[in-house]
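As structure tokens, the structure follows; a few thoughts come after it.
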Amino acid sequence: MSIPQSGGGPIESRDQLAEFLEKGCKPKDDWRIGTEHEKFGYCTDTLRPLPYDGERSVKAMLEGLRFRYGWDPVFEGENIVGLEKGGANVSLEPGGQLELSGAPLETIHQTCDEVNTHLREVKDIADEIGVGFIGLGAAPIWSHEDMPMMPKGRYRLMTDYMDRVGTHGKQMMYRTCTVQVNLDFGSEADMVQKLRVALALQPVATALFANSPFFEGKVNGHKSWRSRIWRDLDADRTGMLPFVFEDGMGFERWVDYALDVPMYFVYRDGRYIDALGQSFRDFLDGKLPALPGETPTLSDWADHLTTIFPEARIKQFIEMRGADGGPWRRLCALPAFWVGLMYDQGALDAAWDLVKDWDAETREAWRVEASVHGLQAKVGGRTMQELAGDVVDIARGGLKARARPGLGGMVADERHFLHALEDTIETGKAPADELLDAYHGDWNGDLTRIYRDFSY
């Protein structure tokens with residue numbers, strides 16, 4: 001979940017809302033890669049989730065990273081709730097999932113170095129206090145009652161709201177993890193093309209990274225239970241957004257959509273004010289019940305944009321949001337996948353050619369099938385494994401065209417980061433399939449073995 005935003009001063013005209021988004025446009029030389037990933041922490045002896053406070057806790061992890069590795073603390077009230085350093089931040093999801101939001105970097109080589117450094121630091125602190133971390137799309141065993149709540153006002157408000165608008169919201173908040181990548185756009189037209197490709201091909205990422213076949217101690221019948229959760233969370237702020245594919249899509253059309261999404265909160269003086277279900281349109285008119293007579297700032301608008309959760313979304317960049325959290329190696333594969341598709345125009349055009357004739361029903365069918373069947377999904381006589389092969393081929397060509405060397409020129413470009421996905425396509429087995437094989441094989445149905453065999 002996002003930290004409070006700092007978008008700017010008072011909104012005096014509705015035009016500023018689209019202008020805020022448009023300020024994200026950058027020349028190609030300034031395009032960057034931001035990778036985020038979440039992971040579950042647990043006590044290694046009990047296999048229980050980490051509480052916020054105590055000797056083995058989320059707080060102990062944050063303090064350890066702070067003092068040993070020079071991170072600056074982020075507080076909410078008296079509680080440490082995050083860390084910042086060098087354009088990156090470490091934050092907490094509602095159930096204590098630890099998230100790295102990486103700095104905006106030029107190459108996937110740099111992104112992977114950042115991920116590796118972070119996980120080494122986390123493991124260093126965790127090993128000393130008897131804590132482990134694991135990358136999965138959903139907590140395999142824990143119930144909702146097992147989960148702590150992190151001391152953040154935003155999460156208290158959201159928890160109260162979730163049962164009013166869907167059936168799976170609290171599962172998403174407390175018992176899922178994702179990996180996502182944030183990428184830039186050069187113009188409004190570039191944003192539209194990238195967002196359309198991102199939404200249409202999000203199910204391919206879901207299938208390739210599917211890693212949540214267990215929930216509450218049982219096989220759940222989905223390769224990505226995390227993706228299933230998002231389908232019944234809150235219809236007002238999730239989904240595949242058919243309007244993005246209609247004529248007239250642009251920054252203004254996104255503003256119209258975002259204004260129709262009910263609010264969660266307003267952040268003032270270090271606290272979250274309950275605005276659940278209220279309208280940002282009323283806020284613009286000074287008629288928000290939570291703050292009568294007050295009008296919003298651009299920081300409020302930036303905060304509101306973080307409460308919208310479709311499969312891909314725009315702020316001043318595009319976020320690709322469809323992948324389960326997963327093993328160490330795959331945390332570098334996701335940015336490679338999307339950068340290969342998005343940052344070379346030839347690859348982006350090829351990806352669009354692949355999906356431009358799909359209708360909304362086809363896109364939604366792929367989304368549902370990817371959640372249930374992963375790479376074994378079929379839509380319209382085509383398999384996901386075949387589709388994923390074509391998409392990864394396009395991404396590979398995009399990375400070759402980018403020609404960004406690593407290791408002081410010893411590595412020619414970024415294509416090797418796709419190897420994990422190429423292996424998956426060749427075998428037809430995503431991480432979820434490997435987990436199921438282990439569960440029905442060597443583990444003999446003992447799901448606790450997942451912590452020993454798949455932790456970082």
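A note on labels: chains of the structure tokens are A, B, ... as shown, every chain counts residues from 1, and ligands are counted from 1 in their shown order.
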
**Report entry** Polymer residues at most 9 Å from Glu294 of chain A, only C-alpha atoms, same-chain spacing of 6 or more positions, as a VMD selection string
**Finding:** chain A and resid 283 to 288

Requested in this report: Could you pull out the residues in segment 165-323 of chain A that DSSP calls strand (DSSP E or B) from the backbone, as a PyMOL selection string?
Outcome: chain A and resi 176+178-183+212+214-215+218-219+224+265-268+271-274+297+312-314+318-323

Please produce a file of the residues just selected, as an mmCIF file, in the first residue's frame, where the atoms kept are C-alpha atoms.
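Resulting contents of again.cif:
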```cif
data_model
loop_
_atom_site.group_PDB
_atom_site.id
_atom_site.type_symbol
_atom_site.label_atom_id
_atom_site.label_comp_id
_atom_site.auth_asym_id
_atom_site.auth_seq_id
_atom_site.Cartn_x
_atom_site.Cartn_y
_atom_site.Cartn_z
ATOM 1 C CA THR A 176 -1.654 -11.580 -0.213
ATOM 2 C CA THR A 178 2.502 -9.102 -5.147
ATOM 3 C CA VAL A 179 5.405 -8.045 -7.299
ATOM 4 C CA GLN A 180 4.799 -5.142 -9.666
ATOM 5 C CA VAL A 181 6.702 -2.822 -11.947
ATOM 6 C CA ASN A 182 6.192 0.890 -12.530
ATOM 7 C CA LEU A 183 7.106 2.325 -15.928
ATOM 8 C CA SER A 212 -0.930 -19.056 -4.701
ATOM 9 C CA PHE A 214 -3.135 -22.845 -1.260
ATOM 10 C CA PHE A 215 -5.287 -20.904 1.183
ATOM 11 C CA LYS A 218 -5.955 -26.374 1.613
ATOM 12 C CA VAL A 219 -5.616 -26.550 -2.152
ATOM 13 C CA SER A 224 -3.481 -17.695 -8.483
ATOM 14 C CA PHE A 265 -9.756 8.997 3.494
ATOM 15 C CA VAL A 266 -8.177 12.431 3.627
ATOM 16 C CA TYR A 267 -4.733 12.719 5.190
ATOM 17 C CA ARG A 268 -4.282 15.744 7.471
ATOM 18 C CA ARG A 271 -3.720 11.294 10.618
ATOM 19 C CA TYR A 272 -6.246 9.690 8.314
ATOM 20 C CA ILE A 273 -9.723 11.226 8.341
ATOM 21 C CA ASP A 274 -12.590 8.873 7.505
ATOM 22 C CA THR A 297 -4.969 19.809 -2.631
ATOM 23 C CA ALA A 312 -3.007 -1.723 -14.322
ATOM 24 C CA ARG A 313 -3.315 1.907 -13.297
ATOM 25 C CA ILE A 314 -1.848 5.301 -14.022
ATOM 26 C CA ILE A 318 1.923 3.141 -15.151
ATOM 27 C CA GLU A 319 1.771 0.323 -12.606
ATOM 28 C CA MET A 320 1.488 -3.292 -13.748
ATOM 29 C CA ARG A 321 -0.291 -5.045 -10.878
ATOM 30 C CA GLY A 322 -1.204 -8.594 -11.922
ATOM 31 C CA ALA A 323 1.587 -10.849 -10.633
#
```

Report task. Among the residues of segment 315-456 of chain A, find those DSSP assigns to helix (DSSP H, G or I) from the backbone and print them as number ranges by chain. Result -> A: 330-342, 345-355, 360-376, 384-402, 407-409, 415-427, 431-440, 449-454

Just to be explicit: take each residue in the selection above, keep C-alpha atoms, and write the result as a CSV table (one decimal), in the first residue's frame.
```csv
chain,number,residue,atom,x,y,z
A,330,ARG,CA,11.4,-14.1,-10.5
A,331,LEU,CA,11.5,-10.7,-8.8
A,332,CYS,CA,13.8,-9.6,-11.7
A,333,ALA,CA,11.8,-11.4,-14.4
A,334,LEU,CA,8.7,-9.3,-14.0
A,335,PRO,CA,10.4,-6.0,-14.8
A,336,ALA,CA,12.2,-7.7,-17.7
A,337,PHE,CA,8.9,-8.9,-19.0
A,338,TRP,CA,7.2,-5.5,-19.0
A,339,VAL,CA,10.2,-3.4,-19.9
A,340,GLY,CA,10.7,-5.7,-22.9
A,341,LEU,CA,7.2,-5.0,-24.0
A,342,MET,CA,6.9,-1.3,-23.2
A,345,GLN,CA,8.4,0.9,-29.8
A,346,GLY,CA,8.6,-2.1,-32.1
A,347,ALA,CA,7.9,-4.4,-29.3
A,348,LEU,CA,5.0,-2.3,-28.0
A,349,ASP,CA,3.5,-2.2,-31.5
A,350,ALA,CA,3.8,-5.9,-31.8
A,351,ALA,CA,2.2,-6.5,-28.4
A,352,TRP,CA,-0.7,-4.2,-29.4
A,353,ASP,CA,-1.1,-6.0,-32.7
A,354,LEU,CA,-1.5,-9.2,-30.6
A,355,VAL,CA,-4.4,-7.9,-28.6
A,360,ALA,CA,-13.9,-6.8,-23.4
A,361,GLU,CA,-15.3,-10.3,-23.0
A,362,THR,CA,-12.1,-11.9,-24.3
A,363,ARG,CA,-9.9,-9.9,-22.0
A,364,GLU,CA,-12.0,-10.8,-19.0
A,365,ALA,CA,-12.1,-14.4,-20.0
A,366,TRP,CA,-8.3,-14.5,-20.1
A,367,ARG,CA,-8.3,-12.9,-16.7
A,368,VAL,CA,-10.6,-15.5,-15.1
A,369,GLU,CA,-8.9,-18.4,-16.8
A,370,ALA,CA,-5.4,-17.3,-15.8
A,371,SER,CA,-6.5,-17.2,-12.2
A,372,VAL,CA,-8.0,-20.6,-12.2
A,373,HIS,CA,-5.8,-22.6,-14.7
A,374,GLY,CA,-2.6,-20.5,-15.1
A,375,LEU,CA,-0.6,-21.7,-18.1
A,376,GLN,CA,-3.2,-24.4,-18.8
A,384,MET,CA,-2.2,-19.5,-22.3
A,385,GLN,CA,1.1,-21.4,-22.7
A,386,GLU,CA,1.1,-20.6,-26.5
A,387,LEU,CA,0.1,-16.9,-25.8
A,388,ALA,CA,2.7,-16.5,-23.1
A,389,GLY,CA,5.3,-17.9,-25.5
A,390,ASP,CA,4.4,-15.3,-28.1
A,391,VAL,CA,4.4,-12.5,-25.5
A,392,VAL,CA,7.8,-13.4,-24.0
A,393,ASP,CA,9.2,-13.6,-27.6
A,394,ILE,CA,8.1,-10.0,-28.1
A,395,ALA,CA,9.6,-9.0,-24.7
A,396,ARG,CA,12.9,-10.7,-25.6
A,397,GLY,CA,13.1,-8.7,-28.8
A,398,GLY,CA,12.4,-5.5,-27.0
A,399,LEU,CA,15.2,-6.1,-24.5
A,400,LYS,CA,17.6,-6.9,-27.4
A,401,ALA,CA,16.6,-3.7,-29.1
A,402,ARG,CA,17.2,-1.7,-25.8
A,407,LEU,CA,28.4,-6.1,-15.4
A,408,GLY,CA,30.6,-3.5,-16.9
A,409,GLY,CA,29.7,-4.6,-20.4
A,415,ARG,CA,17.4,-10.7,-22.0
A,416,HIS,CA,18.8,-13.2,-19.5
A,417,PHE,CA,16.4,-12.0,-16.9
A,418,LEU,CA,13.6,-13.7,-18.9
A,419,HIS,CA,15.2,-17.1,-18.5
A,420,ALA,CA,12.9,-18.0,-15.6
A,421,LEU,CA,9.9,-17.3,-17.7
A,422,GLU,CA,11.3,-19.2,-20.7
A,423,ASP,CA,11.8,-22.2,-18.5
A,424,THR,CA,8.2,-21.9,-17.3
A,425,ILE,CA,6.8,-21.8,-20.8
A,426,GLU,CA,8.9,-24.7,-21.9
A,427,THR,CA,7.8,-26.9,-19.1
A,431,PRO,CA,5.5,-21.7,-9.5
A,432,ALA,CA,2.0,-22.8,-8.5
A,433,ASP,CA,2.4,-26.0,-10.4
A,434,GLU,CA,5.7,-26.7,-8.8
A,435,LEU,CA,4.1,-26.1,-5.4
A,436,LEU,CA,1.3,-28.5,-6.1
A,437,ASP,CA,3.7,-31.1,-7.4
A,438,ALA,CA,5.6,-30.9,-4.1
A,439,TYR,CA,2.4,-30.9,-2.0
A,440,HIS,CA,1.1,-34.1,-3.7
A,449,ARG,CA,7.0,-27.9,4.3
A,450,ILE,CA,6.5,-24.8,2.1
A,451,TYR,CA,8.3,-22.6,4.6
A,452,ARG,CA,11.4,-24.8,4.7
A,453,ASP,CA,11.6,-25.4,0.9
A,454,PHE,CA,10.5,-22.0,-0.5
```

**Report entry** Contacts of Asp146 of chain A within 12 Å, only C-alpha atoms, excl. fewer than 6 positions in-chain, as a PyMOL selection string
**Finding:** chain A and resi 42+47-51+95-96+139+171+174-175+216

Keeping C-alpha atoms, export the residues of the selection given above as a PDB file, in the first residue's frame.
```pdb
ATOM      1  CA  TYR A  42       7.046 -15.483  10.061  1.00  0.00           C
ATOM      2  CA  LEU A  47       5.533 -20.593  11.544  1.00  0.00           C
ATOM      3  CA  ARG A  48       3.180 -17.858  12.772  1.00  0.00           C
ATOM      4  CA  PRO A  49       2.991 -14.396  11.192  1.00  0.00           C
ATOM      5  CA  LEU A  50       5.098 -11.646  12.732  1.00  0.00           C
ATOM      6  CA  PRO A  51       3.403  -9.327  15.218  1.00  0.00           C
ATOM      7  CA  GLY A  95      -0.873  -7.819   7.850  1.00  0.00           C
ATOM      8  CA  GLY A  96       2.807  -7.046   8.249  1.00  0.00           C
ATOM      9  CA  ALA A 139      -0.584 -16.926   2.769  1.00  0.00           C
ATOM     10  CA  GLN A 171      -8.057 -11.356   2.330  1.00  0.00           C
ATOM     11  CA  TYR A 174      -3.840  -9.143   5.123  1.00  0.00           C
ATOM     12  CA  ARG A 175      -2.968 -12.344   3.274  1.00  0.00           C
ATOM     13  CA  GLU A 216      -6.206 -21.622   4.799  1.00  0.00           C
TER      14      GLU A 216
END
```

Requested in this report: Go through A:Gly153, A:Phe309, A:Gly169, A:Ile33 one by one, measure the shortest atom-to-atom distance of each to Gly102 of chain A using only C-alpha atoms, and give the residue with the smallest value.
Outcome: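 The shortest atom-to-atom distance to Gly102 of chain A comes from A:Ile33.
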
Query raised in the report: So what do you get for atom CA of Tyr264 of chain A versus atom CA of Pro292 of chain A, distance-wise?
Result: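 Atom CA of Tyr264 of chain A sits 16.0 Å away from atom CA of Pro292 of chain A.
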
Report task. Pick out the residues sitting within 7 Å of Leu298 of chain A, and hand them over as a PyMOL selection string; count only C-alpha atoms, and ignore anything fewer than 6 positions along from it in its own chain. Result -> chain A and resi 7-11

Can I get the selected residues back with C-alpha atoms, as an mmCIF file, in the first residue's frame?
```
data_model
loop_
_atom_site.group_PDB
_atom_site.id
_atom_site.type_symbol
_atom_site.label_atom_id
_atom_site.label_comp_id
_atom_site.auth_asym_id
_atom_site.auth_seq_id
_atom_site.Cartn_x
_atom_site.Cartn_y
_atom_site.Cartn_z
ATOM 1 C CA GLY A 7 1.422 15.982 -4.966
ATOM 2 C CA GLY A 8 1.238 19.735 -4.395
ATOM 3 C CA GLY A 9 -0.901 22.674 -3.335
ATOM 4 C CA PRO A 10 -4.560 23.691 -3.618
ATOM 5 C CA ILE A 11 -6.704 22.582 -6.542
#
```

Query - For segment 245-255 of chain A: contacts at 12 Å, only C-alpha atoms, fewer than 5 positions along chain excluded, given as a VMD selection string - result: chain A and resid 14 to 25 187 to 200 240 260 to 261 280 to 281 301 to 302 304 to 305 308 310 313 to 317 352 355 to 360 363

Query raised in the report: Taking into account only C-alpha atoms, which residue in the set A:Leu157, A:Leu98, A:Ala60, A:Met263 is nearest to Asp236 of chain A?
Result: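 Residue with the minimum atom-to-atom distance to Asp236 of chain A: A:Met263.
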
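Proximity ranking of A:Trp443, A:Val58, A:Lys152, A:Val379 relative to Phe75 of chain A places A:Lys152 first, based on only C-alpha atoms.
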